[in-house]
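The data block below is query32.tsv; it holds TSV, C-alpha atoms.
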```tsv
chain	number	residue	atom	x	y	z
A	1	MET	CA	0.00	0.00	0.00
A	2	THR	CA	1.47	3.35	-1.08
A	3	TYR	CA	0.65	6.71	0.39
A	4	HIS	CA	0.80	9.75	-1.85
A	5	LEU	CA	1.80	12.95	-0.12
A	6	GLU	CA	-0.41	15.93	-0.93
A	7	PHE	CA	0.81	18.97	0.96
A	8	SER	CA	-1.23	21.10	-1.43
A	9	ALA	CA	-4.31	19.89	0.48
A	10	LEU	CA	-3.26	22.25	3.29
A	11	LEU	CA	-3.26	25.39	1.14
A	12	PRO	CA	-7.01	26.11	1.51
A	13	TYR	CA	-6.49	26.17	5.29
A	14	TRP	CA	-3.44	28.43	5.49
A	15	GLN	CA	-5.47	31.08	7.33
A	16	ASP	CA	-6.38	28.58	10.05
A	17	LEU	CA	-2.71	27.68	10.49
A	18	ALA	CA	-1.71	31.36	10.52
A	19	TRP	CA	-4.29	32.20	13.17
A	20	GLY	CA	-3.30	29.19	15.28
A	21	LEU	CA	0.36	30.22	15.03
A	22	TRP	CA	-0.46	33.81	16.04
A	23	PHE	CA	-2.53	32.64	19.01
A	24	THR	CA	0.30	30.36	20.18
A	25	ILE	CA	2.80	33.22	19.95
A	26	VAL	CA	0.56	35.65	21.86
A	27	LEU	CA	-0.30	32.98	24.44
A	28	THR	CA	3.39	32.27	25.01
A	29	ALA	CA	4.40	35.94	25.17
A	30	VAL	CA	1.71	37.01	27.63
A	31	SER	CA	2.10	33.90	29.77
A	32	THR	CA	5.87	34.41	29.91
A	33	VAL	CA	5.69	38.03	31.05
A	34	VAL	CA	2.93	37.47	33.61
A	35	GLY	CA	4.24	34.07	34.70
A	36	ILE	CA	7.73	35.38	35.42
A	37	ALA	CA	6.22	38.31	37.31
A	38	VAL	CA	4.28	35.82	39.43
A	39	GLY	CA	7.43	33.73	39.87
A	40	THR	CA	9.45	36.76	40.95
A	41	LEU	CA	6.87	37.70	43.57
A	42	GLY	CA	6.59	34.08	44.69
A	43	ALA	CA	10.35	33.62	45.00
A	44	SER	CA	10.66	36.89	46.92
A	45	ALA	CA	7.90	35.79	49.28
A	46	ARG	CA	9.54	32.39	49.80
A	47	SER	CA	12.93	33.93	50.63
A	48	PHE	CA	12.03	37.14	52.44
A	49	GLY	CA	8.33	37.00	53.27
A	50	PRO	CA	6.67	36.14	56.59
A	51	PRO	CA	6.32	32.42	57.39
A	52	TRP	CA	2.58	32.29	56.59
A	53	LEU	CA	3.09	33.82	53.13
A	54	SER	CA	6.09	31.65	52.41
A	55	GLY	CA	4.02	28.61	53.38
A	56	LEU	CA	1.17	29.58	51.05
A	57	VAL	CA	3.56	30.02	48.14
A	58	ARG	CA	5.17	26.67	48.89
A	59	VAL	CA	1.78	24.94	48.81
A	60	TYR	CA	1.00	26.61	45.47
A	61	VAL	CA	4.34	25.56	43.99
A	62	GLU	CA	4.10	21.96	45.18
A	63	LEU	CA	0.50	21.66	43.98
A	64	ILE	CA	1.30	22.85	40.47
A	65	ARG	CA	4.63	21.05	40.09
A	66	ASN	CA	3.14	17.71	41.16
A	67	THR	CA	0.01	17.67	39.01
A	68	PRO	CA	-0.27	17.38	35.20
A	69	PHE	CA	-0.76	20.59	33.25
A	70	ILE	CA	-3.79	19.15	31.48
A	71	VAL	CA	-5.48	18.47	34.84
A	72	GLN	CA	-4.82	22.07	35.89
A	73	LEU	CA	-6.28	23.27	32.60
A	74	PHE	CA	-9.38	21.10	32.95
A	75	PHE	CA	-9.88	22.20	36.55
A	76	ILE	CA	-9.83	25.86	35.51
A	77	PHE	CA	-12.07	25.40	32.47
A	78	PHE	CA	-14.44	22.62	33.60
A	79	GLY	CA	-14.13	22.72	37.39
A	80	LEU	CA	-14.44	26.41	38.21
A	81	PRO	CA	-17.86	26.78	36.52
A	82	ALA	CA	-19.22	24.49	39.27
A	83	LEU	CA	-18.31	27.32	41.67
A	84	GLY	CA	-20.01	29.88	39.45
A	85	LEU	CA	-16.87	31.08	37.63
A	86	LYS	CA	-17.25	30.36	33.92
A	87	LEU	CA	-14.30	31.28	31.72
A	88	SER	CA	-13.88	31.35	27.95
A	89	GLU	CA	-11.49	28.92	26.30
A	90	THR	CA	-8.97	31.69	25.66
A	91	THR	CA	-9.10	33.09	29.20
A	92	ALA	CA	-8.79	29.63	30.74
A	93	ALA	CA	-5.77	28.88	28.54
A	94	PHE	CA	-4.00	32.09	29.56
A	95	ILE	CA	-4.70	31.58	33.26
A	96	ALA	CA	-3.55	27.95	33.18
A	97	MET	CA	-0.31	28.87	31.41
A	98	VAL	CA	0.42	31.71	33.83
A	99	VAL	CA	-0.32	29.58	36.90
A	100	ASN	CA	1.89	26.78	35.59
A	101	LEU	CA	4.87	28.92	34.59
A	102	GLY	CA	4.48	31.01	37.75
A	103	ALA	CA	5.03	27.95	39.94
A	104	TYR	CA	8.04	26.65	38.04
A	105	SER	CA	9.66	30.07	37.73
A	106	THR	CA	9.15	30.63	41.46
A	107	GLU	CA	11.43	27.70	42.26
A	108	ILE	CA	13.93	28.59	39.54
A	109	ILE	CA	14.25	32.19	40.71
A	110	ARG	CA	14.34	31.13	44.37
A	111	ALA	CA	17.30	28.90	43.56
A	112	GLY	CA	19.07	31.94	42.14
A	113	ILE	CA	18.26	33.99	45.23
A	114	ASP	CA	19.56	31.28	47.55
A	115	ALA	CA	22.84	31.18	45.58
A	116	ILE	CA	23.62	34.83	46.36
A	117	PRO	CA	26.19	35.28	49.15
A	118	LYS	CA	24.61	36.70	52.30
A	119	GLY	CA	27.43	39.23	52.46
A	120	HIS	CA	26.08	40.97	49.36
A	121	ILE	CA	22.73	41.52	51.06
A	122	GLU	CA	24.39	42.70	54.26
A	123	ALA	CA	26.51	45.12	52.24
A	124	GLY	CA	23.37	46.63	50.73
A	125	VAL	CA	21.79	47.02	54.15
A	126	SER	CA	24.96	48.67	55.48
A	127	LEU	CA	24.65	51.26	52.71
A	128	ALA	CA	21.25	52.27	54.09
A	129	MET	CA	19.35	50.68	51.18
A	130	THR	CA	15.76	49.72	51.87
A	131	ARG	CA	14.70	46.08	51.69
A	132	LEU	CA	12.98	46.78	48.39
A	133	GLU	CA	16.13	48.37	46.98
A	134	VAL	CA	18.26	45.47	48.15
A	135	LEU	CA	15.80	43.05	46.54
A	136	ARG	CA	15.66	44.95	43.27
A	137	TYR	CA	19.24	46.06	42.73
A	138	ILE	CA	21.24	43.33	44.46
A	139	VAL	CA	19.22	40.16	44.92
A	140	LEU	CA	17.05	39.88	41.81
A	141	ARG	CA	19.67	41.24	39.43
A	142	GLN	CA	22.20	38.61	40.49
A	143	ALA	CA	19.58	35.89	40.76
A	144	PHE	CA	18.36	36.37	37.18
A	145	ALA	CA	21.92	36.32	35.90
A	146	LYS	CA	22.45	32.94	37.56
A	147	ILE	CA	19.21	31.26	36.54
A	148	TYR	CA	18.52	32.83	33.14
A	149	PRO	CA	19.52	29.73	31.10
A	150	ALA	CA	17.25	27.50	33.18
A	151	LEU	CA	14.42	30.03	33.00
A	152	SER	CA	14.82	30.27	29.22
A	153	SER	CA	14.53	26.51	28.88
A	154	GLN	CA	11.39	26.51	31.02
A	155	ILE	CA	9.80	29.16	28.79
A	156	VAL	CA	10.42	26.98	25.72
A	157	ILE	CA	8.95	23.97	27.53
A	158	VAL	CA	5.85	25.98	28.40
A	159	MET	CA	5.49	27.12	24.78
A	160	LEU	CA	5.59	23.52	23.56
A	161	GLY	CA	3.21	22.48	26.34
A	162	SER	CA	0.71	25.08	25.16
A	163	ALA	CA	-0.46	22.52	22.60
A	164	VAL	CA	-2.55	21.03	25.42
A	165	VAL	CA	-4.91	24.02	25.39
A	166	SER	CA	-6.37	22.66	22.16
A	167	GLN	CA	-8.18	20.12	24.38
A	168	ILE	CA	-10.54	22.88	25.55
A	169	SER	CA	-10.87	24.27	21.99
A	170	ALA	CA	-8.56	27.23	22.52
A	171	PRO	CA	-7.63	28.20	18.93
A	172	ASP	CA	-3.91	27.48	19.05
A	173	LEU	CA	-1.73	25.83	16.43
A	174	THR	CA	-2.56	22.28	17.49
A	175	TYR	CA	-6.29	23.08	17.48
A	176	ALA	CA	-5.89	24.34	13.91
A	177	ALA	CA	-4.09	21.12	12.96
A	178	ASN	CA	-6.87	19.00	14.46
A	179	PHE	CA	-9.48	21.05	12.62
A	180	ILE	CA	-7.71	20.78	9.27
A	181	GLN	CA	-7.11	17.04	9.40
A	182	SER	CA	-10.77	16.48	10.35
A	183	ARG	CA	-11.70	18.23	7.09
A	184	ASN	CA	-9.18	16.90	4.56
A	185	PHE	CA	-8.12	13.68	6.35
A	186	ARG	CA	-4.46	14.35	5.50
A	187	ALA	CA	-3.16	13.66	9.00
A	188	PHE	CA	0.45	12.97	8.03
A	189	GLU	CA	0.84	16.16	6.03
A	190	VAL	CA	-0.93	18.32	8.61
A	191	TYR	CA	0.98	17.15	11.66
A	192	PHE	CA	4.28	17.03	9.78
A	193	VAL	CA	3.92	20.71	8.86
A	194	VAL	CA	2.76	21.64	12.36
A	195	ALA	CA	5.69	19.75	13.92
A	196	LEU	CA	8.06	21.76	11.71
A	197	ILE	CA	6.35	24.99	12.77
A	198	TYR	CA	6.78	24.10	16.45
A	199	LEU	CA	10.44	23.23	15.77
A	200	MET	CA	11.03	26.61	14.13
A	201	LEU	CA	9.17	28.36	16.95
A	202	SER	CA	11.42	26.67	19.51
A	203	ILE	CA	14.59	27.64	17.66
A	204	LEU	CA	13.46	31.23	17.16
A	205	LEU	CA	12.32	31.53	20.78
A	206	ARG	CA	15.66	30.25	22.09
A	207	TYR	CA	17.46	32.72	19.81
A	208	LEU	CA	15.24	35.61	20.97
A	209	LEU	CA	15.78	34.70	24.61
A	210	ARG	CA	19.53	34.53	24.03
A	211	LEU	CA	19.45	38.03	22.51
A	212	ILE	CA	17.45	39.34	25.45
A	213	GLY	CA	19.90	37.71	27.85
A	214	ASP	CA	22.90	39.21	26.10
A	215	ARG	CA	21.26	42.63	26.07
A	216	PHE	CA	19.72	42.84	29.53
A	217	VAL	CA	21.12	39.99	31.63
A	218	LYS	CA	24.78	39.30	32.25
A	219	VAL	CA	24.63	35.54	32.52
A	220	GLY	CA	27.15	34.15	34.95
```
Whole structure, structure tokens version:
Amino acid sequence: MTYHLEFSALLPYWQDLAWGLWFTIVLTAVSTVVGIAVGTLGASARSFGPPWLSGLVRVYVELIRNTPFIVQLFFIFFGLPALGLKLSETTAAFIAMVVNLGAYSTEIIRAGIDAIPKGHIEAGVSLAMTRLEVLRYIVLRQAFAKIYPALSSQIVIVMLGSAVVSQISAPDLTYAANFIQSRNFRAFEVYFVVALIYLMLSILLRYLLRLIGDRFVKVG
């Protein structure tokens, strides 16, 4: 039995692929910015916050890191409506991505904070810097320099994991692929092209993150 490749069968659906690609890019970008902000606040709370706040953040981190992303997504989209909070597919996808990356980045950033010599913090305090100034100019700056490669890898992993949001019909690239193959039944061609797109996205994202690191973060 021979199989004849017909990539031309995808041409009528190029707009669906383009929209799915755009949604994936926006989803990744917004989730990265907000997720790292959440992670920064979480790591700061774990290292310098009161015990009760540090404990709450630890529970959040352990809960997210020890449950599958798809379960978290389903809980937000299917579970919360039982409590009266109904979210759209797009909103649920963004929230799930932020919550997931926020937990992982919390631990990554906290590891960077813990690696900073205590003497550096004490030096900042001796210069009459406020706790916020010490955190901003001494702690976080050094922490991000130490953990930036690991954080970059986590961002790429989250981008690839965003394919799961297609399970709640969020219009990402994988959702577009599922839609197209259900219409033209050219599964091999569709998923081959989409796999190449994800590969190129990963390479471009790593390159962009490297440029950002070279420009704004002195990786050490």
Considering only C-alpha atoms, tabulate each residue of stretch 79-187 of chain A that lies at most 7 Å from stretch 194-215 of chain A along with its nearest interatomic pair and the corresponding distance in Å to one decimal; arrange the rows by chain and ascending residue number and present them as JSON lines.
```
{"residue": "A:Ser152", "atom": "CA", "partner": "A:Leu209", "partner_atom": "CA", "distance": 6.5}
{"residue": "A:Val156", "atom": "CA", "partner": "A:Ser202", "partner_atom": "CA", "distance": 6.3}
{"residue": "A:Ala177", "atom": "CA", "partner": "A:Val194", "partner_atom": "CA", "distance": 6.9}
```
Residues of the last selection are to be written out with C-alpha atoms, as a tab-separated table (two decimals), keeping the file's coordinate frame.
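The result, stored in out.tsv:
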```tsv
chain	number	residue	atom	x	y	z
A	152	SER	CA	14.82	30.27	29.22
A	156	VAL	CA	10.42	26.98	25.72
A	177	ALA	CA	-4.09	21.12	12.96
```
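Residues in contact range of stretch 149-151 of chain A, defined as at most 7 Å between all atoms listed in the file, with sequence neighbours fewer than 2 positions away removed, read Ser105, Ile108, Ile147, Ser153, Gln154 and Ile155 of chain A.
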Export, as a PDB file, keeping the file's coordinate frame, the selected residues with C-alpha atoms.
```pdb
ATOM      1  CA  SER A 105       9.660  30.070  37.730  1.00  0.00           C
ATOM      2  CA  ILE A 108      13.930  28.590  39.540  1.00  0.00           C
ATOM      3  CA  ILE A 147      19.210  31.260  36.540  1.00  0.00           C
ATOM      4  CA  SER A 153      14.530  26.510  28.880  1.00  0.00           C
ATOM      5  CA  GLN A 154      11.390  26.510  31.020  1.00  0.00           C
ATOM      6  CA  ILE A 155       9.800  29.160  28.790  1.00  0.00           C
TER       7      ILE A 155
END
```
Report, as lines of an AutoDock Vina configuration file, the centre and edge lengths in Å (one decimal) of the axis-aligned box enclosing every listed atom of stretch 156-171 of chain A, padded by 6 Å on each side.
```
center_x = -0.2
center_y = 24.2
center_z = 23.7
size_x = 33.3
size_y = 20.1
size_z = 21.5
```
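Residue nearest A:Thr24, chosen from A:Ala187, A:Met97, A:Ala115, A:Leu63 and counting all atoms listed in the file: A:Met97.
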* Would you kindly return, as a list of chain:residue names, each protein, DNA or RNA residue with an atom no farther than 12 Å from any atom of A:Phe7, considering all atoms listed in the file and excluding same-chain residues fewer than 5 positions away? => A:Pro12, A:Tyr13, A:Trp14, A:Gln181, A:Asn184, A:Phe185, A:Arg186, A:Ala187, A:Phe188, A:Glu189, A:Val190, A:Tyr191, A:Phe192, A:Val193, A:Val194
* To do: Between A:Ala9, A:Leu173, A:Val34, A:Val139, single out the one closest to A:Leu160, counting all atoms listed in the file.
  => A:Leu173
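Distance annotation: of A:Asp16, A:Arg183, A:Ser166, A:Gly42, the residue with the minimal separation from A:Val59 is A:Gly42; atom set is all atoms listed in the file.
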* To do: Quick one: everything within 7 Å of A:Gly35, counting only C-alpha atoms, minus sequence neighbours fewer than 6 positions away in the same chain. Send it as a ChimeraX atom specification.
  => /A:98-99,101-102
* To do: Name all residues at most 8 Å from A:Arg65 (count all atoms listed in the file; drop same-chain ones fewer than 5 positions away) and give them as a list of chain:residue names.
  => A:Asn100, A:Ala103, A:Tyr104
Output C-alpha atoms for every residue in that selection, as a PDB file, keeping the file's coordinate frame.
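In the end it all went to part_14.pdb:
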```pdb
ATOM      1  CA  ASN A 100       1.890  26.780  35.590  1.00  0.00           C
ATOM      2  CA  ALA A 103       5.030  27.950  39.940  1.00  0.00           C
ATOM      3  CA  TYR A 104       8.040  26.650  38.040  1.00  0.00           C
TER       4      TYR A 104
END
```
* To do: Extract, using all atoms listed in the file, all DNA, RNA and protein residues at most 12 Å from A:Ile113, discarding same-chain residues fewer than 6 positions from it, and format them as a list in words.
  => Thr40, Gly42, Ala43, Ser44, Ala45, Arg46, Ser47, Phe48, Thr106, Glu107, His120, Ile121, Val134, Leu135, Arg136, Ile138, Val139, Leu140, Arg141, Gln142, Ala143, Phe144, Ala145, Lys146 and Ile147 of chain A
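For the pair atom CA of A:Ser54 and atom CA of A:Ser31, the interatomic distance is 23.1 Å.
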* Asked: Pick from A:Phe94, A:Pro117, A:Tyr148, A:Met129: nearest to A:Ala29, with only C-alpha atoms counted?
  -> A:Phe94
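We find atom CA of A:Thr90 and atom CA of A:Phe77 to be spaced 9.8 Å apart.
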* **Given only C-alpha atoms as the counted atoms, nearest of A:Thr32, A:Arg110, A:Leu10, A:Leu80 to A:Arg58** => A:Arg110
